[in-house]
Amino acid sequence: MLLISALITGLGLGSMYGLLALGFYVTYAVSNTVNFAQGSTMMLGAVIAFTFGVTLGWPMWIAIALALVLCAVWGVIVERVAVHPFVVRGSNSWLMATVALGIILENVVLFTFGKDPRGMPPSVLTTDAFYLADIKIQPLQIVIPATGLAIAICLQYVSTRTKYGKALLAVVQNADAARLMGINVTVAILAAFALSGLFAGVAGVLIAPLFTISASMGTLFGIKAFAVAILGGITNPWGVVVAGLIYGLAEASITALLGSTYTQIVTFSLVILALAIRPHGLFGQAAVKKV
Amino acid sequence: MKLVLSISIGRRTAATFVAGLALLLPAVHGSAWAADPIKIGQVAALSGPSAQSGEAITRGLQVAIDEINAKGGLLGGRKIELVQRDDESNPPRGLTAARELIFKEKVAALFGGLDSPVSLAIVPLANKEKVPFIGVWAAATPITRNGANPNFVFRVSAVDEFVDTRLLKHASEKLGAKKAGLILINNPWGESNEKGLKAADAKNPNIEIVGVEKFENNDVDLVPQLTRLKQAGADVLILVGNAAPGAQVMKSRERMGWNVPVVSHWGISGGRFPELAGPTAGDAHFVQTYSFFGDLNPVGQRLMAALKNKYPDIKGPEDIFSPVGTANAYDAMHLLAKAIEKAGSTDGDAIRRSLENLGTHEGLIKTYNNPFSKDEHDALGPDDYVMVRYEGERIVPVK
């Protein structure tokens with residue numbers, strides 16, 4: 001029983017890490033850059049959904065749709081403000097700039113949303129439950145991993161089977177060649193950042209009923225998700241999602257078996273160990289630069 | 001235009017003006033000296049997850065200060081002025097804020113906030129600089145029992161050691177529990193309670209601790225920790241943590257479908273616990289030093305009226321969020337005022353000595369009879385606590 005409940009917890013948290021980490025993957029795959037403050041984008045999703053759905057009392061589905069759209073827009077803003085200006089000058093300062101933009105966002109939320117953590121009102125997703133061999137399971141605990149996997153499947157399909165997906169991936173291999181082939185590189189990169197924001201928004205909306213909503217709710221998640229992205233080998237969407245699940249499961253089962261004192265020490269040690277053995281991540285391949 | 005005009009006034013007028021000013025100066029300075037306010041510092045969480053607690057403390061202090069100032073202030077007409085600093089629940093920030101209040105603002109005494117780690121960081125500074133530091137919320141035992149002699153740290157609040165005794169007693173006597181599972185926040189406050197609960201357990205033959213689990217402020221899902229306690233056979237959970245992480249404990253417990261009773265320290269009352277924890281918030285019984293519900297003593301009626309008057313959002317006892325912060329701070333401010341008046345100065349050591357020998361004070365929580373002595377710097381004991389629970393947004397006594 002100990003392990004089964006840890007399994008359910010781990011799958012839920014793991015899909016969250018996976019979703020956020022997919023946000024790292026999708027921009028990295030297209031532009032070799034990421035928004036390091038993915039965690040704050042996730043927070044933005046939860047905060048917007050709460051503000052419109054609860055504080056202003058709009059129908060929840062509109063609030064959620066709005067949250068997702070605005071997170072995608074935020075992704076585009078991040079690219080324009082904190083990534084693009086540095087990349088065109090050949091600088092790596094976008095690293096710092098995205099972190100800074102995330103901190104600014106957190107502080108703006110602190111002033112506008114308030115300093116008090118808030119909680120989503122109970123809904124069917126958490127009040128309803130069914131039992132699987134004596135283990136209580138809430139619908140939300142199924143919805144979260146299902147959404148995570150569905151997004152990963154879509155992403156895989158779109159990027160390998162469709163024209164648009166292939167165009168996105170072509171950009172990173174050789175931007176100039178892609179441009180000559182009629183691909184709009186700027187739009188491709190912006191689309192990737194919008195997608196990345198969207199994934200973070202989905203994670204934020206999904207985690208809101210489980211967690212307390214506050215300006216700092218995404219920080220630790222963002223860090224763990226980045227560890228997951230690296231662990232999965234940032235170039236492979238499946239690897240990233242599976243790494244998220246492995247990370248979540250490891251975290252939950254270490255807590256269940258050894259006690260919570262050891263959770264962070266052991267999980268992060270395992271990440272380092274895994275990367276020492278497989279430097280390109282569990283499922284990644286060394287990038288080969290063709291000259 | 002103006003410039004031309006002022007030059008044209010001429011040299012003699014200017015000289016007269018300066019002379020007049022010089023004559024006026026000592027008078028202004030002298031009168032300002034007599035009415036110089038007595039600055040009292042407050043270092044508490046005014047932002048972040050525990051911001052409500054800071055606001056509750058502020059309200060208690062401010063109402064008491066208004067009452068004192070309305071009666072003409074202290075030491076022959078000096079008004080009290082509250083100088084606030086935000087510690088953001090962060091010990092280094094709290095320490096910096098306390099330093100600034102002591103060295104720059106020259107406060108006569110300091111009040112603390114909800115976070116024990118912050119208060120523990122300020123204790124050595126207060127003792128070194130001989131500035132009375134009065135805790136009104138943070139309950140860690142070593143805050144007042146810090147080994148300093150003389151000790152400048154006082155408290156009008158619960159003390160972990162006593163609370164822990166009370167929590168186990170409530171679990172065994174009221175709820176009939178025999179096996180306690182501890183679920184504690186992973187910080188110095190949690191540690192202080194782990195020690196306290198183990199000591200209380202050793203003295204209480206009716207209940208034993210079967211497991212100890214820790215959680216972090218940012219933990220989302222505590223099912224693994226709770227499952228361990230369930231497997232260890234716990235028939236009651238003893239919870240130590242603030243509102244937001246405490247709510248995660250309650251939500252995880254609900255998710256597991258585990259109907260175990262929860263007995264909690266009061267950290268959960270420092271925020272929007274009912275909203276954060278959801279439908280099972282009322283399952284947690286927790287400790288308070290005061291409840292604004294029921295028949296109030298004359299001081300309680302007076303404070304209630306003053307709060308309603310000063311803060312329009314307060315219409316009744318259910319609107320007083322974090323009531324212990326307000327109640328403790330209110331009594332503590334009056335006790336401090338009494339001590340300053342008795343000391344006849346704002347000298348830290350003189351205030352400390354008169355706090356240790358204060359006589360009787362009719363307060364809100366109780367009538368204090370020599371609340372502090374040289375060896376006892378805690379004004380409240382286990383008999384002053386009440387056990388309560390949330391009923392909707394209201395905090396009501398457990399029957």
# chains A, B, ... in the order shown; residues from 1 in each chain; ligands from 1
call {"tool": "interface_residues", "arguments": {"of": "chain A", "to": "chain B", "cutoff": "10 Å", "atoms": "only C-alpha atoms", "output": "PyMOL selection string"}}
result
chain A and resi 1-10+12-13+110-111+114-122+126-129+131+134-138+141+207+209-221+251-261
call {"tool": "select_by_dssp", "arguments": {"residues": "range 18-265 of chain B", "states": "strand (DSSP E)", "output": "JSON, numbers by chain"}}
result
{"B": [38, 39, 40, 41, 42, 43, 44, 80, 81, 82, 83, 84, 85, 86, 109, 110, 111, 133, 134, 135, 153, 154, 155, 179, 180, 181, 182, 183, 184, 185, 208, 209, 210, 211, 212, 213, 214, 215, 236, 237, 238, 239, 240, 262, 263, 264]}
call {"tool": "write_last_selection", "arguments": {"atoms": "N, CA and C atoms", "output": "CSV table (one decimal), in the first residue's frame"}}
result
chain,number,residue,atom,x,y,z
B,38,ILE,N,8.2,58.0,21.9
B,38,ILE,CA,8.9,56.8,22.2
B,38,ILE,C,8.7,55.8,21.1
B,39,LYS,N,9.8,55.5,20.4
B,39,LYS,CA,9.7,54.6,19.3
B,39,LYS,C,9.7,53.1,19.7
B,40,ILE,N,8.7,52.4,19.3
B,40,ILE,CA,8.6,50.9,19.5
B,40,ILE,C,8.7,50.2,18.2
B,41,GLY,N,9.6,49.2,18.1
B,41,GLY,CA,9.8,48.5,16.9
B,41,GLY,C,8.9,47.3,16.7
B,42,GLN,N,8.7,46.9,15.5
B,42,GLN,CA,7.9,45.7,15.2
B,42,GLN,C,8.6,45.0,14.0
B,43,VAL,N,9.1,43.8,14.2
B,43,VAL,CA,9.7,43.0,13.1
B,43,VAL,C,8.8,41.8,12.9
B,44,ALA,N,8.0,41.8,11.8
B,44,ALA,CA,7.1,40.7,11.6
B,44,ALA,C,6.9,40.5,10.1
B,80,ILE,N,3.6,57.3,21.9
B,80,ILE,CA,4.3,56.1,21.4
B,80,ILE,C,4.1,56.0,19.9
B,81,GLU,N,5.2,55.7,19.2
B,81,GLU,CA,5.2,55.6,17.8
B,81,GLU,C,5.7,54.2,17.4
B,82,LEU,N,4.9,53.5,16.6
B,82,LEU,CA,5.2,52.2,16.1
B,82,LEU,C,6.0,52.3,14.8
B,83,VAL,N,7.2,51.7,14.8
B,83,VAL,CA,8.0,51.6,13.6
B,83,VAL,C,8.1,50.2,13.1
B,84,GLN,N,7.5,49.9,11.9
B,84,GLN,CA,7.4,48.6,11.4
B,84,GLN,C,8.4,48.2,10.4
B,85,ARG,N,8.9,47.0,10.5
B,85,ARG,CA,9.7,46.4,9.4
B,85,ARG,C,9.3,45.0,9.0
B,86,ASP,N,9.4,44.7,7.8
B,86,ASP,CA,8.9,43.4,7.2
B,86,ASP,C,10.1,42.5,7.3
B,109,ALA,N,12.0,49.3,22.6
B,109,ALA,CA,11.8,47.9,22.7
B,109,ALA,C,11.3,47.4,21.3
B,110,LEU,N,11.4,46.1,21.2
B,110,LEU,CA,11.0,45.5,19.9
B,110,LEU,C,9.9,44.4,20.1
B,111,PHE,N,9.0,44.3,19.1
B,111,PHE,CA,8.1,43.2,19.1
B,111,PHE,C,8.4,42.3,18.0
B,133,PHE,N,13.1,42.6,23.9
B,133,PHE,CA,12.5,42.0,22.7
B,133,PHE,C,11.3,41.2,23.2
B,134,ILE,N,10.1,41.5,22.8
B,134,ILE,CA,8.9,40.9,23.3
B,134,ILE,C,8.2,40.1,22.2
B,135,GLY,N,8.2,38.8,22.4
B,135,GLY,CA,7.5,37.9,21.4
B,135,GLY,C,6.0,37.9,21.6
B,153,VAL,N,14.7,39.0,26.6
B,153,VAL,CA,13.6,38.5,25.7
B,153,VAL,C,12.5,38.0,26.6
B,154,PHE,N,11.3,38.6,26.3
B,154,PHE,CA,10.1,38.2,27.0
B,154,PHE,C,9.1,37.7,26.0
B,155,ARG,N,8.0,37.1,26.5
B,155,ARG,CA,7.0,36.6,25.5
B,155,ARG,C,5.6,36.7,26.2
B,179,LYS,N,-1.9,6.5,19.8
B,179,LYS,CA,-0.7,6.5,19.0
B,179,LYS,C,-0.6,7.8,18.2
B,180,ALA,N,0.3,8.6,18.5
B,180,ALA,CA,0.4,9.9,17.8
B,180,ALA,C,1.5,9.8,16.6
B,181,GLY,N,1.1,10.3,15.5
B,181,GLY,CA,2.0,10.4,14.4
B,181,GLY,C,2.3,11.9,14.2
B,182,LEU,N,3.6,12.3,14.3
B,182,LEU,CA,3.9,13.7,14.2
B,182,LEU,C,4.2,14.1,12.7
B,183,ILE,N,3.6,15.2,12.3
B,183,ILE,CA,3.9,15.7,10.9
B,183,ILE,C,4.4,17.1,11.1
B,184,LEU,N,5.7,17.4,10.9
B,184,LEU,CA,6.3,18.6,11.4
B,184,LEU,C,6.9,19.4,10.2
B,185,ILE,N,6.9,20.7,10.2
B,185,ILE,CA,7.5,21.5,9.3
B,185,ILE,C,9.1,21.3,9.5
B,208,GLU,N,1.6,7.4,23.0
B,208,GLU,CA,3.0,7.3,22.6
B,208,GLU,C,3.2,7.8,21.1
B,209,ILE,N,4.4,8.3,20.8
B,209,ILE,CA,4.6,8.7,19.5
B,209,ILE,C,5.1,7.5,18.7
B,210,VAL,N,4.4,7.3,17.5
B,210,VAL,CA,4.8,6.1,16.7
B,210,VAL,C,5.5,6.5,15.4
B,211,GLY,N,5.6,7.7,15.1
B,211,GLY,CA,6.3,8.1,13.9
B,211,GLY,C,6.5,9.6,13.8
B,212,VAL,N,7.6,10.0,13.2
B,212,VAL,CA,7.9,11.5,13.0
B,212,VAL,C,8.2,11.7,11.5
B,213,GLU,N,7.4,12.6,10.9
B,213,GLU,CA,7.7,12.9,9.5
B,213,GLU,C,7.8,14.4,9.3
B,214,LYS,N,8.6,14.8,8.3
B,214,LYS,CA,8.8,16.2,8.1
B,214,LYS,C,8.3,16.6,6.7
B,215,PHE,N,7.9,17.9,6.6
B,215,PHE,CA,7.6,18.4,5.3
B,215,PHE,C,8.1,19.8,5.1
B,236,VAL,N,-3.8,9.5,15.7
B,236,VAL,CA,-4.0,10.9,15.7
B,236,VAL,C,-2.8,11.5,15.0
B,237,LEU,N,-3.0,12.7,14.3
B,237,LEU,CA,-1.9,13.4,13.7
B,237,LEU,C,-1.6,14.6,14.5
B,238,ILE,N,-0.4,14.8,14.9
B,238,ILE,CA,0.0,16.1,15.6
B,238,ILE,C,0.7,16.9,14.5
B,239,LEU,N,0.1,18.1,14.2
B,239,LEU,CA,0.6,18.9,13.0
B,239,LEU,C,1.3,20.2,13.6
B,240,VAL,N,2.5,20.4,13.1
B,240,VAL,CA,3.2,21.7,13.4
B,240,VAL,C,3.6,22.3,12.0
B,262,VAL,N,-6.9,15.4,13.7
B,262,VAL,CA,-5.7,16.2,13.6
B,262,VAL,C,-5.7,17.2,14.7
B,263,VAL,N,-4.6,17.2,15.5
B,263,VAL,CA,-4.4,18.1,16.6
B,263,VAL,C,-3.2,19.0,16.2
B,264,SER,N,-3.4,20.3,16.1
B,264,SER,CA,-2.4,21.1,15.5
B,264,SER,C,-1.9,22.3,16.4
call {"tool": "residues_around", "arguments": {"residues": "Ser119 in chain B", "least_positions_apart": "6", "cutoff": "7 Å", "atoms": "only C-alpha atoms", "output": "ChimeraX atom specification"}}
result
/B:112,138,143
call {"tool": "residues_around", "arguments": {"residues": "Ala343 in chain B", "least_positions_apart": "3", "cutoff": "12 Å", "atoms": "only C-alpha atoms", "output": "list in words"}}
result
Leu74, Leu75, Ala108, Leu336, Ala337, Lys338, Ala339, Ile340, Thr346, Asp347, Gly348, Asp349, Ala350, Ile351, Arg352, Arg353, Ser354, Leu355, Glu356, Asn357 and Leu358 of chain B
call {"tool": "write_last_selection", "arguments": {"atoms": "C-alpha atoms", "output": "CSV table (one decimal), in the first residue's frame"}}
result
chain,number,residue,atom,x,y,z
B,74,LEU,CA,4.0,57.8,28.7
B,75,LEU,CA,6.8,59.5,30.8
B,108,ALA,CA,13.0,51.5,23.2
B,336,LEU,CA,5.4,47.1,28.0
B,337,ALA,CA,3.8,50.5,28.5
B,338,LYS,CA,3.3,49.8,32.2
B,339,ALA,CA,7.0,48.7,32.4
B,340,ILE,CA,8.3,51.9,30.7
B,346,THR,CA,13.4,54.2,28.0
B,347,ASP,CA,16.6,52.6,29.1
B,348,GLY,CA,16.5,48.9,28.0
B,349,ASP,CA,17.9,47.6,31.3
B,350,ALA,CA,15.5,49.6,33.4
B,351,ILE,CA,12.6,48.4,31.3
B,352,ARG,CA,13.7,44.8,31.7
B,353,ARG,CA,13.9,45.2,35.4
B,354,SER,CA,10.5,46.7,35.7
B,355,LEU,CA,9.0,44.0,33.4
B,356,GLU,CA,10.4,41.4,35.8
B,357,ASN,CA,8.6,43.1,38.7
B,358,LEU,CA,5.4,44.4,37.2
call {"tool": "residues_around", "arguments": {"residues": "Asn204 in chain B", "least_positions_apart": "4", "cutoff": "12 Å", "atoms": "only C-alpha atoms", "output": "PyMOL selection string"}}
result
chain B and resi 164-173+178-180+197-200+208-209
call {"tool": "residues_around", "arguments": {"residues": "range 192-200 of chain A", "least_positions_apart": "5", "cutoff": "7 Å", "atoms": "only C-alpha atoms", "output": "VMD selection string"}}
result
chain A and resid 19 to 20 23 to 24 26 to 27 30 38 41 to 42 68 71 to 76 79
call {"tool": "atom_distance", "arguments": {"atom1": "CA of Pro261 in chain B", "atom2": "CA of Val386 in chain B"}}
result
17.5 Å
call {"tool": "residues_around", "arguments": {"residues": "range 53-57 of chain A", "least_positions_apart": "4", "cutoff": "10 Å", "atoms": "only C-alpha atoms", "output": "list of chain:residue names"}}
result
A:Val47, A:Ile48, A:Ala49, A:Trp61, A:Ile62, A:Ala63, A:Ile64, A:Leu66, A:Ala67, A:Gly119, A:Met120, A:Pro121
call {"tool": "atom_distance", "arguments": {"atom1": "CA of Gly182 in chain A", "atom2": "CA of Val88 in chain A"}}
result
20.1 Å
call {"tool": "atom_distance", "arguments": {"atom1": "CA of Ser291 in chain B", "atom2": "CA of Ser116 in chain B"}}
result
22.2 Å
call {"tool": "select_by_dssp", "arguments": {"residues": "range 122-190 of chain A", "states": "alpha helix (DSSP H)", "output": "PyMOL selection string"}}
result
chain A and resi 124-127+139-161+163-173+175-180+185-190
call {"tool": "write_last_selection", "arguments": {"atoms": "C-alpha atoms", "output": "tab-separated table (two decimals), in the first residue's frame"}}
result
chain	number	residue	atom	x	y	z
A	124	VAL	CA	-15.56	17.56	-8.66
A	125	LEU	CA	-11.95	16.95	-9.56
A	126	THR	CA	-10.99	16.77	-5.90
A	127	THR	CA	-14.21	16.05	-3.99
A	139	PRO	CA	-10.23	12.33	-10.66
A	140	LEU	CA	-7.57	15.05	-10.75
A	141	GLN	CA	-4.92	12.41	-10.07
A	142	ILE	CA	-5.90	10.73	-13.33
A	143	VAL	CA	-6.40	13.95	-15.28
A	144	ILE	CA	-2.88	15.22	-14.57
A	145	PRO	CA	-0.84	12.28	-15.93
A	146	ALA	CA	-3.33	11.81	-18.79
A	147	THR	CA	-2.90	15.44	-19.89
A	148	GLY	CA	0.88	15.18	-19.62
A	149	LEU	CA	1.02	12.07	-21.78
A	150	ALA	CA	-1.49	13.43	-24.30
A	151	ILE	CA	0.59	16.56	-24.81
A	152	ALA	CA	3.76	14.52	-25.23
A	153	ILE	CA	2.06	12.31	-27.84
A	154	CYS	CA	0.72	15.33	-29.74
A	155	LEU	CA	4.12	16.99	-29.67
A	156	GLN	CA	5.82	13.88	-30.96
A	157	TYR	CA	3.26	13.52	-33.74
A	158	VAL	CA	3.32	17.16	-34.77
A	159	SER	CA	7.10	17.45	-34.78
A	160	THR	CA	7.80	14.32	-36.80
A	161	ARG	CA	4.75	13.92	-39.01
A	163	LYS	CA	4.93	20.08	-42.18
A	164	TYR	CA	4.84	22.63	-39.35
A	165	GLY	CA	6.65	20.38	-36.93
A	166	LYS	CA	9.35	19.57	-39.46
A	167	ALA	CA	9.70	23.27	-40.20
A	168	LEU	CA	10.21	23.96	-36.48
A	169	LEU	CA	12.92	21.35	-36.18
A	170	ALA	CA	14.60	22.48	-39.38
A	171	VAL	CA	15.20	25.89	-37.87
A	172	VAL	CA	17.60	24.66	-35.23
A	173	GLN	CA	19.68	22.59	-37.65
A	175	ALA	CA	18.52	28.70	-39.54
A	176	ASP	CA	19.87	30.19	-42.77
A	177	ALA	CA	19.09	27.10	-44.81
A	178	ALA	CA	15.64	26.96	-43.27
A	179	ARG	CA	15.07	30.56	-44.23
A	180	LEU	CA	16.13	29.83	-47.80
A	185	VAL	CA	12.42	31.51	-38.70
A	186	THR	CA	11.17	34.30	-36.47
A	187	VAL	CA	7.65	32.93	-36.47
A	188	ALA	CA	8.94	29.41	-35.80
A	189	ILE	CA	10.88	30.57	-32.74
A	190	LEU	CA	7.98	32.64	-31.45
